[in-house]
Amino acid sequence: MRFTIEKPTLLSAIQHLLSIVPTKNITPILTCFLLEADADTGNLKITATDLEITVIVNVAASVSESGKVALNARNLTDVINSLDDKPINFQLEEGFVRIRCSNSKFSLHSAEHMTFPQVPDMPTDTSSLKFSAEIFSRMVNIASIAVLTETSRPIFTGILWRIYPDKQMMVTSDGKKIVEITKDEPFDIQENIEHVIPTKGLYFLEKVINDKEPDVMVNFEANRITFTYANYVVISQIIPGKFPDYEKIFDVDNPNELLIDKNVLRQAIRRVSILSSEEFFRVKFDVSPESIILSSVNSEMGDAFETITDHQYSGDPFAIAFNFKYLLSILNVVESEKVKITFGVPEGGLINNQVIFYNEPEAENYRPIFLLMPLRLR
């Protein structure tokens with residue numbers, strides 16, 4: 001194997017790809033990139049996998065001799081990152097890959113490429129659906145705030161993606177929050193599609209999506225999903241199991257509405273939360289038509305209060321408390337300048353049921369909705 005490639009081209013590909021490589025694994029080959037150079041096409045294909053996610057990137061290279069090699073991903077990335085911004089020459093010789101660039105020379109020990117996991121066959125273009133890459137990236141970014149990081153409940157560690165003939169939806173829940181984003185648009189499908197997708201591949205795609213390539217192609221199979229975007233192919237296993245029937249939780253009577261500037265509320269929460277207890281991260285809200293009083297109490301450090309009067313609320317006064325970290329995660333992805341928050345009817349001056357957040361105003365065909373469970377005050 002022998003090829004020459006521009007440093008920016010190679011570095012851009014492998015820097016993104018490195019996020020797929022497992023940092024700790026009992027199988028050493030999984031810590032490697034598989035490099036495949038093709039002299040007929042002038043293409044260098046680089047593959048990384050952790051067995052659940054496989055990512056392939058194709059880049060142009062001047063290939064004088066075809067071949068395959070597996071190289072430690074971290075070592076290769078560190079070497080390429082250290083080189084001058086000039087063409088880099090690769091040559092496989094007696095189990096080592098010789099890397100030359102300007103006055104620098106490296107020899108990297110190669111692994112047995114035959115032990116690298118077999119890459120699944122690529123789906124045909126005719127079986128793929130086209131999605132707006134910009135909308136896809138926005139939906140993944142918003143949905144990610146309610147993905148569970150604990151592995152005890154695998155179904156909640158992914159994003160539920162539903163595609164209907166007239167819309168697509170992404171849903172996540174971590175037990176404290178639920179996020180649902182709906183985008184109305186037509187799809188040429190005969191049956192509804194519903195899968196829970198691991199976030200690792202989705203986050204990778206979100207990082208590489210740019211303004212140059214407007215569409216992402218997606219192929220759905222029984223136990224895996226394949227994304228094709230620009231020169232990247234992302235193949236992901238599907239999380240087995242059925243996502244819980246979350247719609248019933250949204251089916252609540254929340255007649256009271258609060259309309260407030262998102263940034264005003266966010267800044268006030270950040271200030272008051274400085275003295276919030278680290279046990280519950282609680283910030284209390286006393287809401288009335290005249291004002292919103294935010295407060296936090298810490299037995300060891302003191303207390304904090306802030307009053308907001310620039311808001312719209314016409315219901316009965318009530319008190320409620322939130323984990324401020326959960327609340328800020330929602331406000332950070334609300335896309336409108338104002339946020340609409342709906343509450344149930346106060347009982348004894350308190351609200352303990354779920355609270356729902358909306359963009360204000362809502363777009364006609366694009367609807368993110370956020371549900372947050374409050375903390376009990378007593």
# chains A, B, ... in the order shown; residues from 1 in each chain; ligands from 1
call {"tool": "residues_around", "arguments": {"residues": "A:Leu35", "least_positions_apart": "5", "cutoff": "8 Å", "atoms": "only C-alpha atoms", "output": "number ranges by chain"}}
result
A: 44-47, 68-71
call {"tool": "closest_atom_pairs", "arguments": {"of": "stretch 249-357 of chain A", "to": "stretch 180-195 of chain A", "cutoff": "12 Å", "atoms": "only C-alpha atoms", "output": "Markdown table"}}
result
| residue | atom | partner | partner_atom | distance |
| --- | --- | --- | --- | --- |
| A:Ile249 | CA | A:Glu180 | CA | 11.8 |
| A:Phe250 | CA | A:Glu180 | CA | 9.9 |
| A:Ile330 | CA | A:Glu180 | CA | 11.9 |
| A:Val333 | CA | A:Ile181 | CA | 11.6 |
| A:Val334 | CA | A:Ile181 | CA | 11.5 |
| A:Ile356 | CA | A:Glu180 | CA | 10.9 |
| A:Phe357 | CA | A:Glu180 | CA | 10.8 |
call {"tool": "write_last_selection", "arguments": {"atoms": "C-alpha atoms", "output": "short mmCIF file (atom, residue, chain, number, x, y, z; two decimals), in the first residue's frame"}}
result
data_model
loop_
_atom_site.label_atom_id
_atom_site.label_comp_id
_atom_site.auth_asym_id
_atom_site.auth_seq_id
_atom_site.Cartn_x
_atom_site.Cartn_y
_atom_site.Cartn_z
CA ILE A 249 -48.05 11.94 30.53
CA PHE A 250 -48.54 14.88 28.15
CA ILE A 330 -34.72 23.22 28.49
CA VAL A 333 -32.66 24.77 23.55
CA VAL A 334 -35.85 26.86 23.38
CA ILE A 356 -44.95 21.90 29.86
CA PHE A 357 -42.77 24.36 27.91
#
call {"tool": "atom_distance", "arguments": {"atom1": "atom CA of A:His16", "atom2": "atom CA of A:Lys207"}}
result
7.9 Å
call {"tool": "closest_residue", "arguments": {"among": "A:Glu93, A:Glu65, A:Glu337, A:Glu290", "to": "A:Gly315", "atoms": "only C-alpha atoms"}}
result
A:Glu290
call {"tool": "select_by_dssp", "arguments": {"residues": "stretch 151-228 of chain A", "states": "alpha helix (DSSP H)", "output": "PyMOL selection string"}}
result
chain A and resi 199-208
call {"tool": "write_last_selection", "arguments": {"atoms": "N, CA and C atoms", "output": "PDB file, in the first residue's frame"}}
result
ATOM      1  N   THR A 199     -27.459   7.181  20.683  1.00  0.00           N
ATOM      2  CA  THR A 199     -27.099   8.574  20.445  1.00  0.00           C
ATOM      3  C   THR A 199     -25.695   8.749  19.872  1.00  0.00           C
ATOM      4  N   LYS A 200     -24.816   7.783  20.042  1.00  0.00           N
ATOM      5  CA  LYS A 200     -23.427   7.983  19.629  1.00  0.00           C
ATOM      6  C   LYS A 200     -23.314   8.300  18.145  1.00  0.00           C
ATOM      7  N   GLY A 201     -24.007   7.529  17.313  1.00  0.00           N
ATOM      8  CA  GLY A 201     -23.972   7.790  15.883  1.00  0.00           C
ATOM      9  C   GLY A 201     -24.669   9.087  15.514  1.00  0.00           C
ATOM     10  N   LEU A 202     -25.755   9.415  16.224  1.00  0.00           N
ATOM     11  CA  LEU A 202     -26.482  10.657  15.953  1.00  0.00           C
ATOM     12  C   LEU A 202     -25.638  11.869  16.318  1.00  0.00           C
ATOM     13  N   TYR A 203     -24.944  11.797  17.445  1.00  0.00           N
ATOM     14  CA  TYR A 203     -24.077  12.903  17.840  1.00  0.00           C
ATOM     15  C   TYR A 203     -22.930  13.076  16.853  1.00  0.00           C
ATOM     16  N   PHE A 204     -22.411  11.967  16.338  1.00  0.00           N
ATOM     17  CA  PHE A 204     -21.351  12.061  15.336  1.00  0.00           C
ATOM     18  C   PHE A 204     -21.858  12.816  14.108  1.00  0.00           C
ATOM     19  N   LEU A 205     -23.030  12.439  13.631  1.00  0.00           N
ATOM     20  CA  LEU A 205     -23.594  13.114  12.469  1.00  0.00           C
ATOM     21  C   LEU A 205     -23.813  14.594  12.738  1.00  0.00           C
ATOM     22  N   GLU A 206     -24.309  14.907  13.918  1.00  0.00           N
ATOM     23  CA  GLU A 206     -24.561  16.305  14.260  1.00  0.00           C
ATOM     24  C   GLU A 206     -23.277  17.132  14.161  1.00  0.00           C
ATOM     25  N   LYS A 207     -22.138  16.535  14.512  1.00  0.00           N
ATOM     26  CA  LYS A 207     -20.863  17.251  14.476  1.00  0.00           C
ATOM     27  C   LYS A 207     -20.382  17.506  13.050  1.00  0.00           C
ATOM     28  N   VAL A 208     -20.671  16.585  12.117  1.00  0.00           N
ATOM     29  CA  VAL A 208     -20.119  16.728  10.765  1.00  0.00           C
ATOM     30  C   VAL A 208     -21.065  17.431   9.810  1.00  0.00           C
TER      31      VAL A 208
END
call {"tool": "closest_residue", "arguments": {"among": "A:Ser173, A:Asn81, A:Thr115, A:Thr228", "to": "A:Ser128", "atoms": "only C-alpha atoms"}}
result
A:Thr228
call {"tool": "atom_distance", "arguments": {"atom1": "atom CA of A:Arg270", "atom2": "atom CA of A:Val283"}}
result
9.9 Å
call {"tool": "residues_around", "arguments": {"residues": "A:Thr77", "least_positions_apart": "5", "cutoff": "9 Å", "atoms": "only C-alpha atoms", "output": "MDAnalysis selection string"}}
result
chainID A and resid 11 14:15 18 72 82
call {"tool": "atom_distance", "arguments": {"atom1": "atom CA of A:Gln237", "atom2": "atom CA of A:Val59"}}
result
24.7 Å
call {"tool": "residues_around", "arguments": {"residues": "stretch 147-161 of chain A", "least_positions_apart": "4", "cutoff": "8 Å", "atoms": "only C-alpha atoms", "output": "PyMOL selection string"}}
result
chain A and resi 143+168-174+193-199+239-243
call {"tool": "closest_residue", "arguments": {"among": "A:Asn365, A:Asn231, A:Gln267, A:Asn141", "to": "A:Asn43", "atoms": "only C-alpha atoms"}}
result
A:Asn231
call {"tool": "select_by_dssp", "arguments": {"residues": "stretch 90-258 of chain A", "states": "strand (DSSP E or B)", "output": "ChimeraX atom specification"}}
result
/A:90-93,96-101,104-111,129-132,158-164,167-173,177-184,193-198,215-220,224-229,232-237,239,256-258
call {"tool": "closest_residue", "arguments": {"among": "A:Ile88, A:Leu108, A:Ala304, A:Leu10", "to": "A:Cys32", "atoms": "only C-alpha atoms"}}
result
A:Leu108
call {"tool": "residues_around", "arguments": {"residues": "A:Asp316", "least_positions_apart": "5", "cutoff": "12 Å", "atoms": "only C-alpha atoms", "output": "PDB file with N, CA and C atoms, in the first residue's frame"}}
result
ATOM      1  N   PRO A 255     -54.238  24.655  32.449  1.00  0.00           N
ATOM      2  CA  PRO A 255     -54.916  25.852  31.942  1.00  0.00           C
ATOM      3  C   PRO A 255     -54.169  27.163  32.199  1.00  0.00           C
ATOM      4  N   ASN A 256     -53.256  27.161  33.145  1.00  0.00           N
ATOM      5  CA  ASN A 256     -52.561  28.403  33.487  1.00  0.00           C
ATOM      6  C   ASN A 256     -51.311  28.567  32.618  1.00  0.00           C
ATOM      7  N   GLU A 257     -51.168  29.738  32.014  1.00  0.00           N
ATOM      8  CA  GLU A 257     -50.056  29.994  31.112  1.00  0.00           C
ATOM      9  C   GLU A 257     -49.210  31.165  31.601  1.00  0.00           C
ATOM     10  N   LEU A 258     -47.905  30.960  31.538  1.00  0.00           N
ATOM     11  CA  LEU A 258     -46.942  32.000  31.868  1.00  0.00           C
ATOM     12  C   LEU A 258     -46.130  32.286  30.622  1.00  0.00           C
ATOM     13  N   ASP A 286     -42.244  31.566  43.183  1.00  0.00           N
ATOM     14  CA  ASP A 286     -43.539  32.054  43.661  1.00  0.00           C
ATOM     15  C   ASP A 286     -44.108  32.924  42.558  1.00  0.00           C
ATOM     16  N   VAL A 287     -45.169  32.421  41.911  1.00  0.00           N
ATOM     17  CA  VAL A 287     -45.702  33.054  40.703  1.00  0.00           C
ATOM     18  C   VAL A 287     -47.045  33.698  40.995  1.00  0.00           C
ATOM     19  N   SER A 288     -47.189  34.935  40.552  1.00  0.00           N
ATOM     20  CA  SER A 288     -48.454  35.653  40.655  1.00  0.00           C
ATOM     21  C   SER A 288     -48.564  36.567  39.445  1.00  0.00           C
ATOM     22  N   PRO A 289     -49.746  37.156  39.206  1.00  0.00           N
ATOM     23  CA  PRO A 289     -49.856  38.086  38.073  1.00  0.00           C
ATOM     24  C   PRO A 289     -48.925  39.286  38.199  1.00  0.00           C
ATOM     25  N   GLU A 290     -48.563  39.651  39.422  1.00  0.00           N
ATOM     26  CA  GLU A 290     -47.728  40.837  39.623  1.00  0.00           C
ATOM     27  C   GLU A 290     -46.228  40.554  39.480  1.00  0.00           C
ATOM     28  N   PHE A 343     -49.120  25.413  33.387  1.00  0.00           N
ATOM     29  CA  PHE A 343     -49.211  24.783  34.704  1.00  0.00           C
ATOM     30  C   PHE A 343     -50.631  24.303  34.947  1.00  0.00           C
ATOM     31  N   GLY A 344     -50.762  23.342  35.861  1.00  0.00           N
ATOM     32  CA  GLY A 344     -52.069  22.888  36.282  1.00  0.00           C
ATOM     33  C   GLY A 344     -52.695  23.867  37.275  1.00  0.00           C
ATOM     34  N   VAL A 345     -53.830  23.469  37.825  1.00  0.00           N
ATOM     35  CA  VAL A 345     -54.520  24.299  38.813  1.00  0.00           C
ATOM     36  C   VAL A 345     -53.855  24.107  40.168  1.00  0.00           C
ATOM     37  N   PRO A 346     -53.494  25.201  40.866  1.00  0.00           N
ATOM     38  CA  PRO A 346     -52.836  25.052  42.170  1.00  0.00           C
ATOM     39  C   PRO A 346     -53.733  24.361  43.190  1.00  0.00           C
ATOM     40  N   GLU A 347     -53.124  23.528  44.000  1.00  0.00           N
ATOM     41  CA  GLU A 347     -53.816  22.905  45.117  1.00  0.00           C
ATOM     42  C   GLU A 347     -53.126  23.344  46.402  1.00  0.00           C
ATOM     43  N   GLY A 348     -53.846  24.113  47.202  1.00  0.00           N
ATOM     44  CA  GLY A 348     -53.253  24.656  48.417  1.00  0.00           C
ATOM     45  C   GLY A 348     -52.102  25.602  48.121  1.00  0.00           C
ATOM     46  N   GLY A 349     -52.173  26.284  46.983  1.00  0.00           N
ATOM     47  CA  GLY A 349     -51.127  27.229  46.616  1.00  0.00           C
ATOM     48  C   GLY A 349     -49.891  26.583  46.009  1.00  0.00           C
ATOM     49  N   LEU A 350     -49.927  25.266  45.767  1.00  0.00           N
ATOM     50  CA  LEU A 350     -48.765  24.561  45.224  1.00  0.00           C
ATOM     51  C   LEU A 350     -49.142  23.847  43.928  1.00  0.00           C
ATOM     52  N   ILE A 351     -48.156  23.639  43.085  1.00  0.00           N
ATOM     53  CA  ILE A 351     -48.325  22.813  41.886  1.00  0.00           C
ATOM     54  C   ILE A 351     -47.267  21.729  41.918  1.00  0.00           C
TER      55      ILE A 351
END
call {"tool": "residues_around", "arguments": {"residues": "A:Asp215", "least_positions_apart": "5", "cutoff": "8 Å", "atoms": "only C-alpha atoms", "output": "PyMOL selection string"}}
result
chain A and resi 130-134+229
call {"tool": "residues_around", "arguments": {"residues": "A:Ala230", "least_positions_apart": "6", "cutoff": "10 Å", "atoms": "only C-alpha atoms", "output": "PyMOL selection string"}}
result
chain A and resi 57-58+208-210+212-217
call {"tool": "closest_residue", "arguments": {"among": "A:Ser276, A:Asn263, A:Asn298, A:Thr41", "to": "A:Ala60", "atoms": "only C-alpha atoms"}}
result
A:Thr41
call {"tool": "closest_residue", "arguments": {"among": "A:Leu328, A:Val97, A:Ala319, A:Ala222", "to": "A:Ala268", "atoms": "only C-alpha atoms"}}
result
A:Leu328
